[in-house]
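Have a look at query.pdb below; it lists PDB, C-alpha atoms.
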ATOM      1  CA  MET A 263     -15.924  -2.991   1.304
ATOM      2  CA  VAL A 264     -19.367  -2.453  -0.251
ATOM      3  CA  ARG A 265     -19.572   0.260  -2.930
ATOM      4  CA  ALA A 266     -22.529   2.646  -2.782
ATOM      5  CA  SER A 267     -23.294   1.828  -6.409
ATOM      6  CA  GLN A 268     -23.969  -1.803  -5.424
ATOM      7  CA  LEU A 269     -26.592  -0.946  -2.837
ATOM      8  CA  TRP A 270     -30.235  -1.514  -3.639
ATOM      9  CA  LEU A 271     -32.337   1.647  -3.814
ATOM     10  CA  TYR A 272     -34.205   0.541  -0.693
ATOM     11  CA  HIS A 273     -32.116  -1.218   1.945
ATOM     12  CA  PRO A 274     -33.652  -0.661   5.414
ATOM     13  CA  HIS A 275     -31.807  -1.627   8.572
ATOM     14  CA  LEU A 276     -32.603  -4.926  10.222
ATOM     15  CA  GLN A 277     -34.862  -4.316  13.198
ATOM     16  CA  PRO A 278     -34.033  -5.823  16.618
ATOM     17  CA  ASP A 279     -34.549  -9.615  16.465
ATOM     18  CA  GLU A 280     -35.975  -9.396  12.930
ATOM     19  CA  LEU A 281     -36.192 -12.592  10.908
ATOM     20  CA  LEU A 282     -34.238 -12.734   7.662
ATOM     21  CA  SER A 283     -37.395 -13.561   5.687
ATOM     22  CA  SER A 284     -39.242 -10.581   7.178
ATOM     23  CA  TRP A 285     -36.383  -8.266   6.206
ATOM     24  CA  LEU A 286     -36.214  -9.562   2.627
ATOM     25  CA  VAL A 287     -39.975  -9.179   2.188
ATOM     26  CA  ARG A 288     -39.765  -5.581   3.454
ATOM     27  CA  ILE A 289     -36.917  -4.852   1.031
ATOM     28  CA  ALA A 290     -38.831  -6.260  -1.940
ATOM     29  CA  HIS A 291     -42.051  -4.444  -1.132
ATOM     30  CA  GLY A 292     -40.087  -1.249  -0.471
ATOM     31  CA  HIS A 293     -39.016  -1.378  -4.126
ATOM     32  CA  GLY A 294     -42.662  -1.567  -5.165
ATOM     33  CA  MET A 295     -42.110  -5.028  -6.646
ATOM     34  CA  LYS A 296     -43.679  -8.424  -6.180
ATOM     35  CA  LEU A 297     -41.497 -10.583  -3.968
ATOM     36  CA  GLN A 298     -40.780 -13.261  -6.579
ATOM     37  CA  THR A 299     -40.052 -10.650  -9.230
ATOM     38  CA  PHE A 300     -37.637  -8.827  -6.962
ATOM     39  CA  CYS A 301     -35.821 -12.043  -6.004
ATOM     40  CA  ARG A 302     -35.519 -13.072  -9.652
ATOM     41  CA  VAL A 303     -34.221  -9.667 -10.781
ATOM     42  CA  ALA A 304     -32.018  -8.821  -7.797
ATOM     43  CA  LEU A 305     -30.833 -12.282  -6.730
ATOM     44  CA  GLY A 306     -31.266 -14.429  -9.807
ATOM     45  CA  LYS A 307     -33.715 -16.587  -7.889
ATOM     46  CA  GLY A 308     -37.471 -16.294  -8.075
ATOM     47  CA  GLN A 309     -40.056 -18.609  -6.627
ATOM     48  CA  ASP A 310     -37.516 -21.389  -6.030
ATOM     49  CA  LEU A 311     -35.867 -19.326  -3.262
ATOM     50  CA  TRP A 312     -39.120 -19.638  -1.306
ATOM     51  CA  PHE A 313     -39.370 -23.411  -1.703
ATOM     52  CA  ARG A 314     -37.210 -23.579   1.411
ATOM     53  CA  ASP A 315     -37.388 -22.235   4.944
ATOM     54  CA  ILE A 316     -34.929 -19.416   4.273
ATOM     55  CA  ASP A 317     -34.667 -18.588   7.974
ATOM     56  CA  ARG A 318     -33.172 -22.046   8.526
ATOM     57  CA  GLN A 319     -31.463 -22.720   5.195
ATOM     58  CA  VAL A 320     -29.168 -19.776   4.636
ATOM     59  CA  PRO A 321     -26.663 -20.496   1.824
ATOM     60  CA  ASP A 322     -23.461 -18.488   1.656
ATOM     61  CA  TRP A 323     -24.320 -16.966  -1.724
ATOM     62  CA  PHE A 324     -27.518 -15.553  -0.247
ATOM     63  CA  VAL A 325     -25.701 -13.992   2.715
ATOM     64  CA  HIS A 326     -23.042 -12.551   0.399
ATOM     65  CA  ALA A 327     -25.673 -11.036  -1.923
ATOM     66  CA  LEU A 328     -27.459  -9.369   0.984
ATOM     67  CA  PHE A 329     -24.127  -8.095   2.280
ATOM     68  CA  GLU A 330     -23.259  -6.565  -1.103
ATOM     69  CA  HIS A 331     -26.626  -4.906  -1.698
ATOM     70  CA  THR A 332     -27.750  -3.781   1.770
ATOM     71  CA  GLY A 333     -24.577  -2.759   3.565
ATOM     72  CA  ALA A 334     -25.430  -4.999   6.522
ATOM     73  CA  GLY A 335     -22.555  -7.046   7.928
ATOM     74  CA  VAL A 336     -22.261 -10.782   7.285
ATOM     75  CA  ARG A 337     -22.489 -11.550  11.013
ATOM     76  CA  GLN A 338     -25.547  -9.326  11.361
ATOM     77  CA  ILE A 339     -27.261 -11.093   8.463
ATOM     78  CA  LYS A 340     -26.523 -14.560   9.847
ATOM     79  CA  ARG A 341     -27.795 -13.477  13.249
ATOM     80  CA  ALA A 342     -31.157 -12.737  11.625
ATOM     81  CA  SER A 343     -31.428 -16.426  10.739
ATOM     82  CA  LEU A 344     -32.226 -19.317  13.065
ATOM     83  CA  LEU A 345     -28.559 -20.299  12.903
ATOM     84  CA  ASP A 346     -28.136 -17.741  15.667
ATOM     85  CA  TYR A 347     -29.614 -20.134  18.245
ATOM     86  CA  ARG A 348     -26.882 -22.734  17.708
ATOM     87  CA  GLY A 349     -24.941 -23.104  20.941
ATOM     88  CA  VAL A 350     -27.768 -21.405  22.828
ATOM     89  CA  LEU A 351     -30.870 -23.558  22.401
ATOM     90  CA  TYR A 352     -29.216 -26.552  20.739
ATOM     91  CA  ARG A 353     -25.692 -27.845  20.212
ATOM     92  CA  ARG A 354     -26.091 -29.110  16.669
ATOM     93  CA  TYR A 355     -27.886 -27.294  13.895
ATOM     94  CA  ARG A 356     -29.825 -29.294  11.332
ATOM     95  CA  TRP A 357     -30.050 -27.705   7.902
ATOM     96  CA  SER A 358     -33.387 -29.415   7.265
ATOM     97  CA  GLY A 359     -35.732 -31.852   8.957
ATOM     98  CA  HIS A 360     -36.643 -31.756  12.619
ATOM     99  CA  GLN A 361     -34.675 -29.337  14.777
ATOM    100  CA  TYR A 362     -35.738 -29.293  18.392
ATOM    101  CA  TRP A 363     -37.081 -25.999  19.708
ATOM    102  CA  LEU A 364     -37.718 -24.641  16.189
ATOM    103  CA  LEU A 365     -41.299 -24.610  14.952
ATOM    104  CA  PRO A 366     -41.528 -26.371  11.578
ATOM    105  CA  LEU A 367     -43.202 -24.769   8.584
ATOM    106  CA  SER A 368     -43.753 -28.092   6.754
ATOM    107  CA  MET A 369     -43.410 -26.415   3.381
ATOM    108  CA  VAL A 370     -44.987 -27.733   0.206
ATOM    109  CA  ASP A 371     -43.901 -25.551  -2.720
ATOM    110  CA  THR A 372     -44.126 -22.062  -1.177
ATOM    111  CA  SER A 373     -46.994 -22.862   1.224
ATOM    112  CA  HIS A 374     -46.764 -23.516   4.956
ATOM    113  CA  HIS A 375     -48.613 -26.629   6.092
ATOM    114  CA  HIS A 376     -47.799 -26.186   9.766
ATOM    115  CA  HIS A 377     -48.438 -23.190  12.003
ATOM    116  CA  GLY A 378     -44.751 -22.511  12.518
ATOM    117  CA  MET A 379     -44.779 -18.706  12.451
ATOM    118  CA  GLN A 380     -46.140 -17.074  15.575
ATOM    119  CA  PHE A 381     -46.728 -13.405  16.351
ATOM    120  CA  CYS A 382     -47.648 -11.043  19.159
ATOM    121  CA  PRO A 383     -50.405  -8.718  17.902
ATOM    122  CA  LEU A 384     -49.369  -5.947  20.300
ATOM    123  CA  CYS A 385     -45.719  -6.050  19.170
ATOM    124  CA  LEU A 386     -46.866  -5.703  15.551
ATOM    125  CA  ALA A 387     -49.303  -2.947  16.499
ATOM    126  CA  GLU A 388     -46.721  -0.796  18.248
ATOM    127  CA  ASP A 389     -44.048  -1.171  15.532
ATOM    128  CA  GLU A 390     -43.479   1.956  13.501
ATOM    129  CA  VAL A 391     -42.607  -0.433  10.684
ATOM    130  CA  PRO A 392     -44.125  -3.868  11.463
ATOM    131  CA  TYR A 393     -41.846  -6.891  11.200
ATOM    132  CA  PHE A 394     -41.658 -10.517  12.349
ATOM    133  CA  ARG A 395     -39.328 -11.633  15.128
ATOM    134  CA  LYS A 396     -36.902 -14.519  15.256
ATOM    135  CA  ARG A 397     -38.106 -15.549  18.716
ATOM    136  CA  TRP A 398     -41.578 -16.231  17.288
ATOM    137  CA  ARG A 399     -40.167 -19.381  15.656
ATOM    138  CA  VAL A 400     -39.139 -20.874  19.031
ATOM    139  CA  ALA A 401     -41.537 -23.558  20.290
ATOM    140  CA  PHE A 402     -41.458 -22.647  23.985
ATOM    141  CA  TYR A 403     -42.119 -18.983  23.241
ATOM    142  CA  THR A 404     -45.887 -19.070  23.718
ATOM    143  CA  MET A 405     -46.357 -15.690  25.368
ATOM    144  CA  CYS A 406     -44.942 -12.175  25.110
ATOM    145  CA  THR A 407     -43.665 -10.989  28.473
ATOM    146  CA  LYS A 408     -43.598  -7.332  27.400
ATOM    147  CA  HIS A 409     -47.327  -7.267  26.752
ATOM    148  CA  GLN A 410     -48.313 -10.138  29.060
ATOM    149  CA  CYS A 411     -50.303 -11.836  26.334
ATOM    150  CA  MET A 412     -50.343 -15.082  24.389
ATOM    151  CA  VAL A 413     -48.850 -15.113  20.938
ATOM    152  CA  HIS A 414     -50.918 -16.420  18.019
ATOM    153  CA  ASP A 415     -49.801 -19.053  15.514
ATOM    154  CA  ARG A 416     -52.436 -18.561  12.813
ATOM    155  CA  CYS A 417     -54.850 -16.042  11.368
ATOM    156  CA  PRO A 418     -57.721 -15.795  13.874
ATOM    157  CA  SER A 419     -60.124 -14.961  11.053
ATOM    158  CA  CYS A 420     -59.550 -17.879   8.653
ATOM    159  CA  GLY A 421     -57.124 -20.167  10.499
ATOM    160  CA  ALA A 422     -54.441 -20.027   7.801
ATOM    161  CA  PRO A 423     -50.767 -20.350   8.802
ATOM    162  CA  VAL A 424     -48.909 -17.033   8.860
ATOM    163  CA  ALA A 425     -47.061 -16.728   5.535
ATOM    164  CA  PHE A 426     -46.287 -13.056   4.996
ATOM    165  CA  HIS A 427     -44.128 -13.922   1.961
ATOM    166  CA  ARG A 428     -47.265 -15.057   0.088
ATOM    167  CA  ARG A 429     -49.130 -11.728   0.204
ATOM    168  CA  GLU A 430     -49.252 -11.340  -3.593
ATOM    169  CA  MET A 431     -48.103 -14.803  -4.733
ATOM    170  CA  GLY A 432     -50.430 -16.340  -7.294
ATOM    171  CA  LYS A 433     -52.397 -13.107  -7.708
ATOM    172  CA  ILE A 434     -51.860 -12.191 -11.348
ATOM    173  CA  GLY A 435     -51.716  -8.485 -11.965
ATOM    174  CA  GLN A 436     -51.500  -7.569  -8.274
ATOM    175  CA  VAL A 437     -48.293  -5.671  -7.532
ATOM    176  CA  ASP A 438     -49.250  -3.937  -4.307
ATOM    177  CA  ALA A 439     -48.716  -6.523  -1.597
ATOM    178  CA  GLY A 440     -50.514  -4.536   1.072
ATOM    179  CA  LEU A 441     -49.289  -4.769   4.651
ATOM    180  CA  ILE A 442     -46.939  -7.441   5.949
ATOM    181  CA  THR A 443     -49.344  -7.781   8.888
ATOM    182  CA  GLN A 444     -52.237  -8.857   6.640
ATOM    183  CA  CYS A 445     -53.163 -12.523   6.284
ATOM    184  CA  HIS A 446     -52.170 -13.773   2.838
ATOM    185  CA  ALA A 447     -55.376 -15.809   2.593
ATOM    186  CA  CYS A 448     -58.118 -13.435   3.811
ATOM    187  CA  ASP A 449     -56.446 -10.008   4.286
ATOM    188  CA  PHE A 450     -57.274  -9.885   8.020
ATOM    189  CA  ASP A 451     -54.876  -7.536   9.834
ATOM    190  CA  LEU A 452     -53.060  -9.657  12.411
ATOM    191  CA  ARG A 453     -52.581  -6.573  14.592
ATOM    192  CA  GLU A 454     -56.285  -6.755  15.355
ATOM    193  CA  SER A 455     -56.069 -10.279  16.778
ATOM    194  CA  LYS A 456     -57.661 -10.829  20.157
ATOM    195  CA  VAL A 457     -55.347 -10.192  23.104
ATOM    196  CA  ILE A 458     -55.422 -13.264  25.338
ATOM    197  CA  GLU A 459     -54.040 -13.300  28.870
ATOM    198  CA  PRO A 460     -51.763 -16.305  29.460
ATOM    199  CA  VAL A 461     -52.596 -18.852  32.166
ATOM    200  CA  ILE A 462     -49.712 -19.560  34.538
ATOM    201  CA  TYR A 463     -50.427 -22.711  36.534
ATOM    202  CA  ASP A 464     -47.687 -22.480  39.130
ATOM    203  CA  GLU A 465     -45.597 -19.558  40.340
ATOM    204  CA  SER A 466     -42.339 -21.510  40.546
ATOM    205  CA  ALA A 467     -42.823 -22.826  36.993
ATOM    206  CA  GLY A 468     -43.523 -19.317  35.743
ATOM    207  CA  LEU A 469     -40.487 -17.845  37.466
ATOM    208  CA  THR A 470     -38.270 -20.591  36.016
ATOM    209  CA  TRP A 471     -39.671 -20.017  32.534
ATOM    210  CA  LEU A 472     -39.401 -16.210  32.614
ATOM    211  CA  PRO A 473     -35.577 -15.918  32.221
ATOM    212  CA  ALA A 474     -35.727 -18.148  29.119
ATOM    213  CA  LEU A 475     -38.372 -15.902  27.557
ATOM    214  CA  HIS A 476     -36.431 -12.785  28.518
ATOM    215  CA  MET A 477     -33.302 -14.228  26.940
ATOM    216  CA  LEU A 478     -35.112 -14.619  23.612
ATOM    217  CA  GLU A 479     -36.507 -11.101  23.916
ATOM    218  CA  GLY A 480     -33.053  -9.661  24.562
ATOM    219  CA  VAL A 481     -34.164  -8.351  27.960
ATOM    220  CA  ASP A 482     -31.554 -10.286  29.939
ATOM    221  CA  VAL A 483     -28.420 -11.001  27.923
ATOM    222  CA  ASN A 484     -26.848 -12.605  30.990
ATOM    223  CA  ALA A 485     -29.618 -15.176  31.455
ATOM    224  CA  ARG A 486     -28.520 -18.102  33.603
ATOM    225  CA  TYR A 487     -29.619 -20.808  31.175
ATOM    226  CA  ASN A 488     -27.287 -22.510  28.731
ATOM    227  CA  VAL A 489     -27.535 -25.156  26.036
ATOM    228  CA  GLY A 490     -27.381 -27.928  28.657
ATOM    229  CA  PHE A 491     -30.404 -26.560  30.490
ATOM    230  CA  PHE A 492     -32.405 -26.384  27.264
ATOM    231  CA  ALA A 493     -31.391 -29.942  26.367
ATOM    232  CA  VAL A 494     -32.751 -31.216  29.712
ATOM    233  CA  LEU A 495     -35.891 -29.120  29.276
ATOM    234  CA  HIS A 496     -36.519 -30.696  25.883
ATOM    235  CA  GLN A 497     -35.878 -34.196  27.228
ATOM    236  CA  LEU A 498     -38.538 -33.693  29.910
ATOM    237  CA  CYS A 499     -41.014 -32.340  27.323
ATOM    238  CA  LYS A 500     -40.288 -35.359  25.125
ATOM    239  CA  ILE A 501     -40.916 -37.811  27.974
ATOM    240  CA  MET A 502     -44.265 -36.202  28.760
ATOM    241  CA  LEU A 503     -45.369 -36.467  25.124
ATOM    242  CA  THR A 504     -44.233 -40.047  24.455
ATOM    243  CA  HIS A 505     -46.398 -43.151  24.842
ATOM    244  CA  TYR A 506     -44.995 -45.341  27.622
ATOM    245  CA  SER A 507     -47.009 -48.182  29.123
ATOM    246  CA  HIS A 508     -45.797 -47.578  32.681
ATOM    247  CA  GLU A 509     -45.008 -43.853  32.639
ATOM    248  CA  HIS A 510     -47.310 -41.017  33.632
ATOM    249  CA  LEU A 511     -44.980 -38.087  34.206
ATOM    250  CA  GLN A 512     -47.299 -35.628  32.464
ATOM    251  CA  GLN A 513     -50.293 -36.681  34.562
ATOM    252  CA  PHE A 514     -48.223 -36.571  37.764
ATOM    253  CA  VAL A 515     -46.988 -33.007  37.245
ATOM    254  CA  ALA A 516     -50.324 -31.750  35.866
ATOM    255  CA  ALA A 517     -52.048 -32.944  39.033
ATOM    256  CA  LYS A 518     -49.420 -31.199  41.151
ATOM    257  CA  ILE A 519     -49.975 -27.767  39.574
ATOM    258  CA  GLY A 520     -53.605 -28.021  38.475
ATOM    259  CA  ALA A 521     -52.891 -27.962  34.749
ATOM    260  CA  PRO A 522     -54.942 -29.802  32.106
ATOM    261  CA  GLU A 523     -53.530 -32.947  30.572
ATOM    262  CA  VAL A 524     -52.459 -32.821  26.933
ATOM    263  CA  THR A 525     -53.816 -35.595  24.732
ATOM    264  CA  LEU A 526     -50.952 -37.456  23.102
ATOM    265  CA  GLN A 527     -50.913 -37.857  19.329
ATOM    266  CA  PRO A 528     -51.688 -41.418  18.110
ATOM    267  CA  LYS A 529     -48.256 -41.503  16.504
ATOM    268  CA  HIS A 530     -45.410 -39.905  18.438
ATOM    269  CA  LYS A 531     -44.869 -36.300  17.505
ATOM    270  CA  SER A 532     -42.220 -33.990  18.875
ATOM    271  CA  PHE A 533     -43.051 -31.061  21.141
ATOM    272  CA  GLU A 534     -42.637 -28.659  18.212
ATOM    273  CA  TYR A 535     -45.571 -30.240  16.339
ATOM    274  CA  TYR A 536     -48.111 -29.717  19.107
ATOM    275  CA  SER A 537     -50.499 -26.781  19.121
ATOM    276  CA  LEU A 538     -49.706 -23.456  20.746
ATOM    277  CA  GLU A 539     -52.111 -24.148  23.609
ATOM    278  CA  GLU A 540     -50.665 -27.617  24.224
ATOM    279  CA  ARG A 541     -47.083 -26.343  24.168
ATOM    280  CA  HIS A 542     -48.055 -23.610  26.637
ATOM    281  CA  VAL A 543     -49.130 -26.312  29.102
ATOM    282  CA  VAL A 544     -46.297 -28.802  28.549
ATOM    283  CA  ILE A 545     -43.512 -26.240  28.872
ATOM    284  CA  GLN A 546     -44.882 -25.233  32.271
ATOM    285  CA  LEU A 547     -44.952 -28.866  33.415
ATOM    286  CA  ALA A 548     -41.286 -29.242  32.474
ATOM    287  CA  MET A 549     -40.354 -25.876  34.007
ATOM    288  CA  TRP A 550     -42.050 -26.927  37.258
ATOM    289  CA  LEU A 551     -39.721 -29.926  37.456
ATOM    290  CA  LEU A 552     -36.680 -27.754  36.729
ATOM    291  CA  ALA A 553     -37.634 -25.168  39.344
ATOM    292  CA  ASP A 554     -36.312 -27.692  41.896
ATOM    293  CA  PRO A 555     -35.024 -30.612  39.811
ATOM    294  CA  GLU A 556     -33.359 -32.686  42.509
ATOM    295  CA  THR A 557     -36.457 -32.703  44.693
ATOM    296  CA  ARG A 558     -39.155 -32.845  42.024
ATOM    297  CA  ILE A 559     -37.627 -35.333  39.586
ATOM    298  CA  MET A 560     -36.832 -37.617  42.496
ATOM    299  CA  ASP A 561     -40.381 -37.206  43.798
ATOM    300  CA  ALA A 562     -41.766 -38.184  40.384
ATOM    301  CA  TRP A 563     -39.504 -41.239  40.365
ATOM    302  CA  ARG A 564     -40.501 -42.288  43.893
ATOM    303  CA  ASN A 565     -44.142 -42.067  42.842
ATOM    304  CA  LYS A 566     -43.398 -44.279  39.831
ATOM    305  CA  ALA A 567     -44.291 -41.521  37.376
ATOM    306  CA  VAL A 568     -40.999 -41.945  35.521
ATOM    307  CA  ARG A 569     -38.222 -44.514  35.386
ATOM    308  CA  TYR A 570     -34.465 -44.193  35.320
ATOM    309  CA  ASN A 571     -34.120 -45.693  31.845
ATOM    310  CA  VAL A 572     -36.655 -43.206  30.430
ATOM    311  CA  LEU A 573     -34.949 -40.184  32.008
ATOM    312  CA  LYS A 574     -31.738 -41.056  30.180
ATOM    313  CA  LYS A 575     -33.192 -42.611  27.020
ATOM    314  CA  ASP A 576     -31.685 -41.253  23.775
ATOM    315  CA  PHE A 577     -30.153 -38.340  25.639
ATOM    316  CA  GLN A 578     -26.487 -37.581  25.010
ATOM    317  CA  PRO A 579     -24.554 -35.625  26.059
ATOM    318  CA  ARG A 580     -26.201 -35.138  29.442
ATOM    319  CA  PRO A 581     -25.298 -32.207  31.684
ATOM    320  CA  GLN A 582     -23.479 -33.394  34.772
ATOM    321  CA  TRP A 583     -26.032 -31.953  37.200
ATOM    322  CA  TYR A 584     -28.879 -33.793  35.469
ATOM    323  CA  TRP A 585     -26.935 -37.051  35.235
ATOM    324  CA  TRP A 586     -26.206 -36.869  38.968
ATOM    325  CA  ILE A 587     -29.958 -36.659  39.686
ATOM    326  CA  VAL A 588     -30.830 -39.445  37.246
ATOM    327  CA  LYS A 589     -28.245 -41.808  38.733
ATOM    328  CA  GLN A 590     -30.110 -41.647  42.021
ATOM    329  CA  CYS A 591     -33.033 -43.294  40.233
ATOM    330  CA  VAL A 592     -31.204 -46.433  39.100
ATOM    331  CA  ASN A 593     -33.227 -48.937  41.099
ATOM    332  CA  TRP A 594     -36.860 -48.807  42.161
ATOM    333  CA  ARG A 595     -35.861 -50.549  45.424
ATOM    334  CA  ASN A 596     -33.880 -47.464  46.405
ATOM    335  CA  ALA A 597     -37.054 -45.377  46.440
ATOM    336  CA  SER A 598     -38.009 -46.441  49.961
ATOM    337  CA  LEU A 599     -34.522 -45.608  51.213
ATOM    338  CA  LEU A 600     -34.661 -42.096  49.759
ATOM    339  CA  SER A 601     -38.220 -41.267  50.885
TER     340      SER A 601
END
Could you express the structure from this file as structure tokens?
Amino acid sequence: MVRASQLWLYHPHLQPDELLSSWLVRIAHGHGMKLQTFCRVALGKGQDLWFRDIDRQVPDWFVHALFEHTGAGVRQIKRASLLDYRGVLYRRYRWSGHQYWLLPLSMVDTSHHHHGMQFCPLCLAEDEVPYFRKRWRVAFYTMCTKHQCMVHDRCPSCGAPVAFHRREMGKIGQVDAGLITQCHACDFDLRESKVIEPVIYDESAGLTWLPALHMLEGVDVNARYNVGFFAVLHQLCKIMLTHYSHEHLQQFVAAKIGAPEVTLQPKHKSFEYYSLEERHVVIQLAMWLLADPETRIMDAWRNKAVRYNVLKKDFQPRPQWYWWIVKQCVNWRNASLLS
């Protein structure tokens, strides 16, 4: 039981789908204090707390401190972190390093060196109290279905990564952090970002993608997709972004739906490290395959766009339905029999 005397003077409720870091920044600024100063005084941790991705690395002491001083439940606090996607988007959760589906921040000290925090300008604009959502850290979330617009992954004015925790960092004498929606580098208000209509290349791909987006938005809590589906989806994205001398799955699907081809990085990089625009294309290519996987994966195999060994490469455990399809692709000589 939390005593009222332990509560911080300002302890707002977590907003729906709010990120833990967004909430802590709002609490600090609500006290009229610089973020580092507040963390040092209230938590015994200053700048060093922000040397990590606190939405991914959530130590027990941190959760317990927030529980004691805000009145929020432990489960509610943990659900504001990216731990909440374990068992939904991925089976295993990695405390650090690459975690598929999560956009990396690539932190150096307290700075972000990758555009890993996205935002919908219209969501921020309509918030009574603006805040940043958990779903904006998910790599396949490239558009907001509520507002039918693309998200952004950087300040459109200066190109800096979104780092709302750095509003007053390094600015000696500045206590007023301004708005959480302002770029830390140039003060541009992210709510004024250009609204861009998303391009959907194929109706079946879009309809397959939509339930996954709705699930993240909390629109459809009974979405039909599970962790196995998302594992297959990631495997297909990985294949299309990997250099193979005899594979052209990306080109095959792009030609089918009239999408542009994504230029592969010289050194292999995971889906999460590609740009927003590139991810928006690749996820639709993979969703097109999964709109009718038995027919379309087999068609890609028959056209020599992908091989059996690549479909199963480094992929365990495999959902039974996917493994059944892949086993039909064991031998190229069977292609003529199945056509």
For this session: Using atom CA of A:Ser358 and atom CA of A:Gln319 as the two end points, give the distance in Å to one decimal.
Result: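 Atom-to-atom, atom CA of A:Ser358 and atom CA of A:Gln319 are spaced 7.3 Å apart.
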For this session: Given the file shown, determine the residues that the PyMOL selection byres ((chain A and resi 265-281) around 7) selects; report them as an MDAnalysis selection string.
Result: chainID A and resid 263:264 282:285 289 292:293 317 330:333 342:343 393:396
Pull out every residue that the PyMOL selection byres ((chain A and resi 574-589) around 10) matches in the shown coordinates and put them as a CSV table (one decimal) with C-alpha atoms, keeping the file's coordinate frame.
chain,number,residue,atom,x,y,z
A,353,ARG,CA,-25.7,-27.8,20.2
A,489,VAL,CA,-27.5,-25.2,26.0
A,490,GLY,CA,-27.4,-27.9,28.7
A,491,PHE,CA,-30.4,-26.6,30.5
A,493,ALA,CA,-31.4,-29.9,26.4
A,494,VAL,CA,-32.8,-31.2,29.7
A,496,HIS,CA,-36.5,-30.7,25.9
A,497,GLN,CA,-35.9,-34.2,27.2
A,501,ILE,CA,-40.9,-37.8,28.0
A,552,LEU,CA,-36.7,-27.8,36.7
A,555,PRO,CA,-35.0,-30.6,39.8
A,556,GLU,CA,-33.4,-32.7,42.5
A,557,THR,CA,-36.5,-32.7,44.7
A,559,ILE,CA,-37.6,-35.3,39.6
A,560,MET,CA,-36.8,-37.6,42.5
A,563,TRP,CA,-39.5,-41.2,40.4
A,569,ARG,CA,-38.2,-44.5,35.4
A,570,TYR,CA,-34.5,-44.2,35.3
A,571,ASN,CA,-34.1,-45.7,31.8
A,572,VAL,CA,-36.7,-43.2,30.4
A,573,LEU,CA,-34.9,-40.2,32.0
A,590,GLN,CA,-30.1,-41.6,42.0
A,591,CYS,CA,-33.0,-43.3,40.2
A,592,VAL,CA,-31.2,-46.4,39.1
A,593,ASN,CA,-33.2,-48.9,41.1
Exercise. Which residues, written as a ChimeraX atom specification, have at least one atom at most 12 Å from A:Ile462, with only C-alpha atoms counted and residues fewer than 5 positions away on the same chain left out?
Worked result: /A:404-405,410-412,467-472,519-522,542-547,549-550
For this session: Using atom CA of A:Arg558 and atom CA of A:Arg541 as the two end points, give the distance in Å to one decimal.
Result: 20.6 Å
Report the centre and edge lengths, in Å to one decimal, of an axis-aligned box enclosing every atom of stretch 277-294 of chain A listed in the file, padded by 3 Å on each side, as AutoDock Vina command-line options.
--center_x -38.3 --center_y -7.4 --center_z 5.7 --size_x 14.6 --size_y 18.3 --size_z 27.8
Exercise. So how many Å separate atom CA of A:Tyr403 and atom CA of A:Asp449, to one decimal?
Worked result: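 Interatomic distance here is 25.4 Å.
Once the PyMOL selection byres ((chain A and resi 365) around 6) is applied to the shown structure, the selection contains Leu364, Pro366, Gly378, Arg399, Val400, Ala401 and Glu534 of chain A.
Contact shell of A:His291 at 12 Å (all atoms listed in the file; same-chain neighbours under 5 positions omitted): Leu271, Tyr272, His273, Pro274, Ser284, Trp285, Leu286, Lys296, Leu297, Gln298, Thr299, Phe300, Cys301, Phe426, His427, Arg428, Arg429, Glu430, Val437, Asp438, Ala439, Gly440, Leu441 and Ile442 of chain A.
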Near A:Gln512, counting only C-alpha atoms, which residues have an atom at most 9 Å away, once you skip same-chain residues fewer than 5 positions from it, shown as a PDB file with C-alpha atoms, keeping the file's coordinate frame?
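This went into selection_36.pdb:
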ATOM      1  CA  CYS A 499     -41.014 -32.340  27.323  1.00  0.00           C
ATOM      2  CA  ILE A 501     -40.916 -37.811  27.974  1.00  0.00           C
ATOM      3  CA  MET A 502     -44.265 -36.202  28.760  1.00  0.00           C
ATOM      4  CA  LEU A 503     -45.369 -36.467  25.124  1.00  0.00           C
ATOM      5  CA  ALA A 517     -52.048 -32.944  39.033  1.00  0.00           C
ATOM      6  CA  GLU A 523     -53.530 -32.947  30.572  1.00  0.00           C
ATOM      7  CA  VAL A 524     -52.459 -32.821  26.933  1.00  0.00           C
ATOM      8  CA  VAL A 544     -46.297 -28.802  28.549  1.00  0.00           C
ATOM      9  CA  LEU A 547     -44.952 -28.866  33.415  1.00  0.00           C
ATOM     10  CA  ALA A 548     -41.286 -29.242  32.474  1.00  0.00           C
ATOM     11  CA  ALA A 567     -44.291 -41.521  37.376  1.00  0.00           C
TER      12      ALA A 567
END
Some atoms are absent from stretch 571-576 of chain A, so rebuild N, CA and C atoms and return them as an mmCIF file, keeping the file's coordinate frame.
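out.cif was written with the following content:
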data_model
loop_
_atom_site.group_PDB
_atom_site.id
_atom_site.type_symbol
_atom_site.label_atom_id
_atom_site.label_comp_id
_atom_site.auth_asym_id
_atom_site.auth_seq_id
_atom_site.Cartn_x
_atom_site.Cartn_y
_atom_site.Cartn_z
ATOM 1 N N ASN A 571 -34.506 -45.463 33.240
ATOM 2 C CA ASN A 571 -34.120 -45.693 31.845
ATOM 3 C C ASN A 571 -34.789 -44.699 30.898
ATOM 4 N N VAL A 572 -35.965 -44.194 31.263
ATOM 5 C CA VAL A 572 -36.655 -43.206 30.430
ATOM 6 C C VAL A 572 -36.003 -41.840 30.574
ATOM 7 N N LEU A 573 -35.595 -41.477 31.778
ATOM 8 C CA LEU A 573 -34.949 -40.184 32.008
ATOM 9 C C LEU A 573 -33.676 -40.028 31.181
ATOM 10 N N LYS A 574 -32.997 -41.140 30.926
ATOM 11 C CA LYS A 574 -31.738 -41.056 30.180
ATOM 12 C C LYS A 574 -31.850 -41.528 28.728
ATOM 13 N N LYS A 575 -33.024 -41.995 28.335
ATOM 14 C CA LYS A 575 -33.192 -42.611 27.020
ATOM 15 C C LYS A 575 -32.897 -41.624 25.883
ATOM 16 N N ASP A 576 -32.022 -42.038 24.977
ATOM 17 C CA ASP A 576 -31.685 -41.253 23.775
ATOM 18 C C ASP A 576 -31.277 -39.829 24.129
#
